[in-house]
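Containing compact mmCIF, C-alpha atoms: input-v5.txt.
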```txt
# COMPACT_ATOMS: atom_id res chain seq x y z
CA MET E 271 79.34 -23.97 162.92
CA THR E 272 82.93 -22.81 162.79
CA ALA E 273 84.00 -21.10 166.00
CA PRO E 274 84.80 -17.39 165.80
CA VAL E 275 88.43 -16.47 166.46
CA PRO E 276 89.77 -14.49 169.44
CA ALA E 277 90.31 -11.44 167.20
CA ASP E 278 86.50 -11.19 166.90
CA VAL E 279 86.01 -10.84 170.66
CA PRO E 280 86.40 -7.04 171.01
CA ALA E 281 83.89 -6.31 168.24
CA LEU E 282 81.41 -8.83 169.66
CA GLN E 283 81.82 -7.40 173.17
CA THR E 284 81.36 -3.83 171.92
CA ALA E 285 78.23 -4.83 170.01
CA SER E 286 77.00 -6.56 173.17
CA SER E 287 77.67 -3.45 175.26
CA LEU E 288 75.51 -1.38 172.89
CA VAL E 289 72.76 -4.02 172.96
CA VAL E 290 72.85 -4.05 176.78
CA LEU E 291 72.60 -0.25 176.87
CA SER E 292 69.78 -0.20 174.33
CA ALA E 293 67.79 -2.89 176.15
CA ASP E 294 68.26 -1.23 179.54
CA THR E 295 67.23 2.14 178.08
CA TYR E 296 64.19 0.68 176.30
CA SER E 297 63.10 -0.92 179.59
CA SER E 298 63.33 2.49 181.28
CA LEU E 299 61.45 4.18 178.42
CA GLN E 300 58.80 1.47 178.43
CA ALA E 301 58.13 2.17 182.11
CA LEU E 302 57.16 5.76 181.34
CA PRO E 303 53.43 6.51 180.84
CA PHE E 304 54.16 8.07 177.42
CA GLY E 305 56.68 5.37 176.44
CA GLY E 306 55.08 2.05 177.20
CA GLY E 307 52.14 3.14 179.30
CA ALA E 308 48.52 3.93 178.55
CA SER E 309 49.18 7.43 177.24
CA ALA E 310 51.86 6.29 174.78
CA PRO E 311 50.95 6.04 171.10
CA ALA E 312 50.25 2.37 170.32
CA PRO E 313 52.90 2.16 167.55
CA LEU E 314 55.54 3.44 169.98
CA ARG E 315 54.45 0.96 172.67
CA ASP E 316 54.58 -1.85 170.13
CA LEU E 317 57.99 -0.79 168.83
CA LEU E 318 59.49 -0.71 172.34
CA ALA E 319 58.09 -4.16 173.18
CA ALA E 320 59.29 -5.70 169.92
CA ALA E 321 62.69 -4.03 170.28
CA LEU E 322 63.16 -5.51 173.75
CA ASP E 323 62.45 -8.99 172.37
CA ALA E 324 64.87 -8.48 169.46
CA LEU E 325 67.56 -7.04 171.73
CA ALA E 326 67.24 -10.04 174.06
CA ARG E 327 67.90 -12.33 171.09
CA ALA E 328 70.85 -10.18 170.01
CA ARG E 329 72.28 -10.24 173.52
CA THR E 330 72.10 -14.04 173.63
CA ASP E 331 73.52 -14.48 170.12
CA LEU E 332 76.43 -12.09 170.72
CA ALA E 333 77.24 -13.61 174.12
CA THR E 334 77.28 -17.10 172.62
CA ALA E 335 79.56 -16.01 169.77
CA THR E 336 81.86 -14.21 172.22
CA ARG E 337 82.21 -17.29 174.43
CA ARG E 338 82.79 -19.52 171.40
CA ALA E 339 85.62 -17.19 170.37
CA GLY E 340 87.21 -17.63 173.79
CA GLY E 341 86.06 -14.34 175.31
CA ARG E 342 83.93 -13.37 178.24
CA ALA E 343 80.40 -12.23 177.45
CA GLN E 344 79.93 -8.49 177.91
CA THR E 345 77.18 -7.70 180.40
CA ASN E 346 77.91 -4.01 180.94
CA ALA E 347 76.53 -1.06 179.02
CA ASP E 348 78.73 0.72 176.51
CA PRO E 349 81.11 3.05 178.40
CA ARG E 350 80.90 5.86 175.84
CA TYR E 351 77.13 6.05 175.49
CA ALA E 352 75.95 5.01 178.97
CA PRO E 353 76.70 8.49 180.40
CA VAL E 354 74.83 10.08 177.47
CA VAL E 355 71.76 7.97 178.24
CA GLU E 356 72.09 8.59 181.98
CA GLN E 357 72.05 12.33 181.32
CA ALA E 358 69.21 12.14 178.78
CA LEU E 359 66.74 9.90 180.64
CA PRO E 360 65.68 12.53 183.23
CA THR E 361 64.92 14.97 180.40
CA VAL E 362 62.47 12.64 178.61
CA ARG E 363 59.08 14.37 178.86
CA GLY E 364 56.95 12.87 176.12
CA PRO E 365 56.73 10.45 173.20
CA GLY E 366 58.92 12.67 171.02
CA ASP E 367 61.74 12.48 173.58
CA VAL E 368 61.31 8.70 173.85
CA VAL E 369 61.64 8.43 170.08
CA GLY E 370 64.64 10.78 170.00
CA LEU E 371 66.60 8.83 172.60
CA ALA E 372 65.72 5.46 171.05
CA LEU E 373 66.69 6.80 167.62
CA THR E 374 70.14 7.83 168.88
CA LEU E 375 70.77 4.35 170.27
CA GLU E 376 69.47 2.49 167.23
CA ASP E 377 71.57 4.65 164.92
CA VAL E 378 74.79 3.94 166.83
CA LEU E 379 73.92 0.25 167.22
CA ALA E 380 73.09 -0.23 163.54
CA GLN E 381 76.16 1.67 162.35
CA THR E 382 78.43 -0.29 164.69
CA LEU E 383 77.04 -3.65 163.61
CA VAL E 384 77.28 -2.72 159.92
CA SER E 385 80.86 -1.55 160.40
CA ASP E 386 81.90 -4.64 162.37
CA VAL E 387 80.27 -7.29 160.21
CA VAL E 388 82.91 -7.06 157.48
CA GLU E 389 85.74 -7.58 159.98
CA LEU E 390 84.36 -10.74 161.58
CA SER E 391 86.15 -13.96 160.67
CA VAL E 392 83.38 -16.55 160.44
CA PRO E 393 80.53 -16.45 157.88
CA GLU E 394 77.93 -17.68 160.39
CA VAL E 395 78.84 -14.92 162.85
CA ARG E 396 78.83 -12.32 160.06
CA ARG E 397 75.32 -13.47 159.07
CA MET E 398 74.12 -13.29 162.66
CA VAL E 399 75.56 -9.80 163.19
CA ALA E 400 74.22 -8.64 159.81
CA GLY E 401 70.76 -9.88 160.80
CA HIS E 402 70.88 -7.87 164.02
CA ALA E 403 72.18 -4.86 162.06
CA ALA E 404 69.20 -5.13 159.72
CA ALA E 405 66.83 -5.29 162.70
CA ALA E 406 68.40 -2.16 164.23
CA ALA E 407 68.19 -0.38 160.86
CA ARG E 408 64.47 -1.29 160.59
CA ARG E 409 63.84 0.09 164.06
CA LYS E 410 65.73 3.25 163.10
CA ALA E 411 63.51 3.63 160.01
CA LEU E 412 60.36 3.23 162.10
CA LEU E 413 61.64 5.70 164.69
CA LEU E 414 62.44 8.27 161.98
CA THR E 415 58.88 7.92 160.72
CA LEU E 416 57.43 8.25 164.23
CA GLN E 417 59.63 11.28 164.83
CA THR E 418 58.30 12.96 161.69
CA LEU E 419 54.70 12.24 162.62
CA LEU E 420 55.14 13.44 166.21
CA SER E 421 56.87 16.62 165.03
CA THR E 422 53.68 17.68 163.21
CA GLY E 423 52.00 18.23 166.57
CA ARG E 424 49.19 15.93 165.47
CA ALA E 425 49.46 12.89 167.71
CA GLU E 426 46.49 11.27 165.96
CA LEU E 427 48.77 10.63 162.96
CA VAL E 428 50.72 8.12 165.05
CA ALA E 429 48.20 5.35 164.67
CA SER E 430 48.06 1.82 163.39
CA PRO E 431 46.73 1.66 160.79
CA PRO E 432 47.42 5.28 159.84
CA ASP E 433 45.05 7.61 158.03
CA LEU E 434 47.06 7.62 154.81
CA ALA E 435 45.32 10.68 153.40
CA ALA E 436 46.31 12.75 156.46
CA LEU E 437 49.99 11.79 156.53
CA PRO E 438 52.57 14.41 155.56
CA PRO E 439 54.41 13.64 152.31
CA ALA E 440 57.70 12.97 154.13
CA ALA E 441 56.17 10.11 156.12
CA GLY E 442 56.74 7.66 153.28
CA THR E 443 60.42 8.41 152.73
CA VAL E 444 61.87 9.80 155.96
CA GLY E 445 62.71 6.34 157.28
CA PHE E 446 65.21 5.76 154.49
CA PRO E 447 67.47 8.83 154.35
CA ASP E 448 70.62 7.05 153.18
CA VAL E 449 71.48 5.41 149.87
CA LEU E 450 74.43 3.71 151.54
CA PHE E 451 74.19 2.97 155.23
CA PRO E 452 76.56 5.31 157.10
CA THR E 453 79.11 4.09 159.64
CA GLU E 454 80.73 7.31 160.84
CA LYS E 455 78.98 6.98 164.23
CA ALA E 456 80.08 3.35 164.66
CA SER E 457 81.73 2.58 167.95
CA PRO E 458 85.32 1.32 167.63
CA ALA E 459 85.56 -2.45 168.01
CA THR E 460 87.44 -2.12 171.30
CA GLU E 461 85.12 0.44 172.94
CA GLY E 462 83.01 -2.06 174.86
CA ALA E 463 85.57 -4.83 175.23
CA VAL E 464 85.75 -6.48 178.64
CA ARG E 465 88.96 -5.45 180.33
```

Here is the file; what I need is its structure written in the form of C-alpha cells.
Amino acid sequence: MTAPVPADVPALQTASSLVVLSADTYSSLQALPFGGGASAPAPLRDLLAAALDALARARTDLATATRRAGGRAQTNADPRYAPVVEQALPTVRGPGDVVGLALTLEDVLAQTLVSDVVELSVPEVRRMVAGHAAAAARRKALLLTLQTLLSTGRAELVASPPDLAALPPAAGTVGFPDVLFPTEKASPATEGAVR
C-alpha cells in the first residue's frame, strides 16, 4: 500500500475526531436504559452495538493511515461538536432523543467523510474512508427510519422484523432523503487536526 502524504493528515485527524466523539457518545447512549438497556427497542440496541464495532474499526483504520502519513493519531473528540454533545446528553430522555443525537453525529460524520474522500492522495486511503462514509450513511438511513417510527407514538412499530402492514408509508423511503449526498455540514479538514 502506498503511504498517504502529510497533506492528508488534517483530514484524517478530523475524521478521527468525529469517530472518537461518535463512539464516546454511543457508549454513553448505550448505557441508558432506553438506549442500550432492557427498555430500549431492540433495533436501537442492535444499531448502537453494531455502530460501536464499526466505529472502533474506523478509529483504527484512520489512526493507522494518519501515522503512515507522518501524523499523530487523533484521540480527542471533535472540538466543534463535543460541546454540542456535552450539552445534549443530559437532555436525552427516551429512545427518540437517543436516535436524534445519534442522527446528528452520523450526519456530520458521513458528510465529512464524503467531502474529504475526494481530497485524499492515495487510492487505498480513499477506499477506506469511502467505506467508512458508506457505513455512516447506512446508519443515518436506519436512524431516519427509527426516528419516523418513533415519532408515530407507536413504539411497537420499532420491531425486528417489523409488522409491514402497520408501518406508515414514509417508513420505506425516509432513510434516503437525498439524491446526491449533501456535504454542507461537513467539518473542515483542519477542524480536528492535532495541534

*Measure the distance from atom CA of E:Ala380 to atom CA of E:Ala406 in Å and round it to one decimal.*
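Taking atom CA of E:Ala380 and atom CA of E:Ala406, their separation equals 5.1 Å.
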
*Would you kindly return, as a VMD selection string, each protein, DNA or RNA residue with an atom no farther than 10 Å from any atom of E:Gly364, considering all atoms listed in the file and excluding same-chain residues fewer than 6 positions away?*
chain E and resid 302 to 305 309 to 310

Would you give me, as a tab-separated table, each residue of stretch 383-433 of chain E having an atom within 10 Å of an atom of stretch 439-442 of chain E, along with its shortest atom pair and that distance in Å to one decimal, using only C-alpha atoms and sorting by chain and residue number?
```
residue	atom	partner	partner_atom	distance
E:Leu414	CA	E:Ala441	CA	8.8
E:Thr415	CA	E:Ala441	CA	5.8
E:Leu416	CA	E:Ala441	CA	8.4
E:Gln417	CA	E:Ala441	CA	9.4
E:Thr418	CA	E:Ala441	CA	6.6
E:Leu419	CA	E:Ala441	CA	7.0
```

*Tell me, as a list in words, which residues lie within 8 Å of E:Ala459, counting only C-alpha atoms; anything in the same chain fewer than 2 positions away does not count.*
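After dropping sequence-adjacent residues, the list is Pro280, Ala281, Leu282, Thr284, Ala285, Asp386, Ser457, Glu461, Gly462 and Ala463 of chain E.
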
Taking 2 positions as the minimum chain separation for residues in the same chain, which residues sit within 10 Å of E:Val289 when counting only C-alpha atoms? Answer as a PDB file with C-alpha atoms, keeping the file's coordinate frame.
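As a result, part-v3.pdb now contains:
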```pdb
ATOM      1  CA  GLN E 283      81.820  -7.400 173.170  1.00  0.00           C
ATOM      2  CA  THR E 284      81.360  -3.830 171.920  1.00  0.00           C
ATOM      3  CA  ALA E 285      78.230  -4.830 170.010  1.00  0.00           C
ATOM      4  CA  SER E 286      77.000  -6.560 173.170  1.00  0.00           C
ATOM      5  CA  SER E 287      77.670  -3.450 175.260  1.00  0.00           C
ATOM      6  CA  LEU E 291      72.600  -0.250 176.870  1.00  0.00           C
ATOM      7  CA  SER E 292      69.780  -0.200 174.330  1.00  0.00           C
ATOM      8  CA  ALA E 293      67.790  -2.890 176.150  1.00  0.00           C
ATOM      9  CA  ASP E 294      68.260  -1.230 179.540  1.00  0.00           C
ATOM     10  CA  THR E 295      67.230   2.140 178.080  1.00  0.00           C
ATOM     11  CA  LEU E 322      63.160  -5.510 173.750  1.00  0.00           C
ATOM     12  CA  ALA E 324      64.870  -8.480 169.460  1.00  0.00           C
ATOM     13  CA  LEU E 325      67.560  -7.040 171.730  1.00  0.00           C
ATOM     14  CA  ALA E 326      67.240 -10.040 174.060  1.00  0.00           C
ATOM     15  CA  ARG E 327      67.900 -12.330 171.090  1.00  0.00           C
ATOM     16  CA  ALA E 328      70.850 -10.180 170.010  1.00  0.00           C
ATOM     17  CA  ARG E 329      72.280 -10.240 173.520  1.00  0.00           C
ATOM     18  CA  LEU E 332      76.430 -12.090 170.720  1.00  0.00           C
ATOM     19  CA  GLN E 344      79.930  -8.490 177.910  1.00  0.00           C
ATOM     20  CA  THR E 345      77.180  -7.700 180.400  1.00  0.00           C
ATOM     21  CA  ASN E 346      77.910  -4.010 180.940  1.00  0.00           C
ATOM     22  CA  ALA E 347      76.530  -1.060 179.020  1.00  0.00           C
ATOM     23  CA  ASP E 348      78.730   0.720 176.510  1.00  0.00           C
ATOM     24  CA  LEU E 375      70.770   4.350 170.270  1.00  0.00           C
ATOM     25  CA  GLU E 376      69.470   2.490 167.230  1.00  0.00           C
ATOM     26  CA  LEU E 379      73.920   0.250 167.220  1.00  0.00           C
ATOM     27  CA  HIS E 402      70.880  -7.870 164.020  1.00  0.00           C
ATOM     28  CA  ALA E 406      68.400  -2.160 164.230  1.00  0.00           C
TER      29      ALA E 406
END
```

Please put the answer as lines of an AutoDock Vina configuration file: centre and edge lengths, in Å with one decimal, of a box along x, y and z that encloses all listed atoms of stretch 440-444 of chain E plus 3 Å on each side.
```
center_x = 59.0
center_y = 10.3
center_z = 154.4
size_x = 11.7
size_y = 11.3
size_z = 9.4
```

_Just the number, please: distance in Å from atom CA of E:Leu390 to atom CA of E:Asp377, one decimal._
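Those two atoms sit 20.3 Å apart.
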
*asked:* Show me, as number ranges by chain, the residues that have an atom within 7 Å of E:Val369 when counting all atoms listed in the file, minus same-chain residues fewer than 4 positions from it.
replied: E: 365, 373, 413, 417

_Nearest to E:Thr336 by atom-to-atom distance, counting all atoms listed in the file, from E:Val279, E:Val464, E:Ala403, E:Leu434_ =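 Looking only at the distances to E:Thr336, the closest residue turns out to be E:Val279.
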
*Could you work out how far atom CA of E:Tyr351 lies from atom CA of E:Ala321, giving the answer in Å with one decimal?*
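Computed distance, atom CA of E:Ala321 to atom CA of E:Tyr351, equals 18.4 Å.
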
*Do you know which residues lie at most 12 Å from (54.7, 2.4, 177.9), with coordinates as in the file and only C-alpha atoms counted, and could you write them as a VMD selection string?*
chain E and resid 296 to 319 364 to 365 368
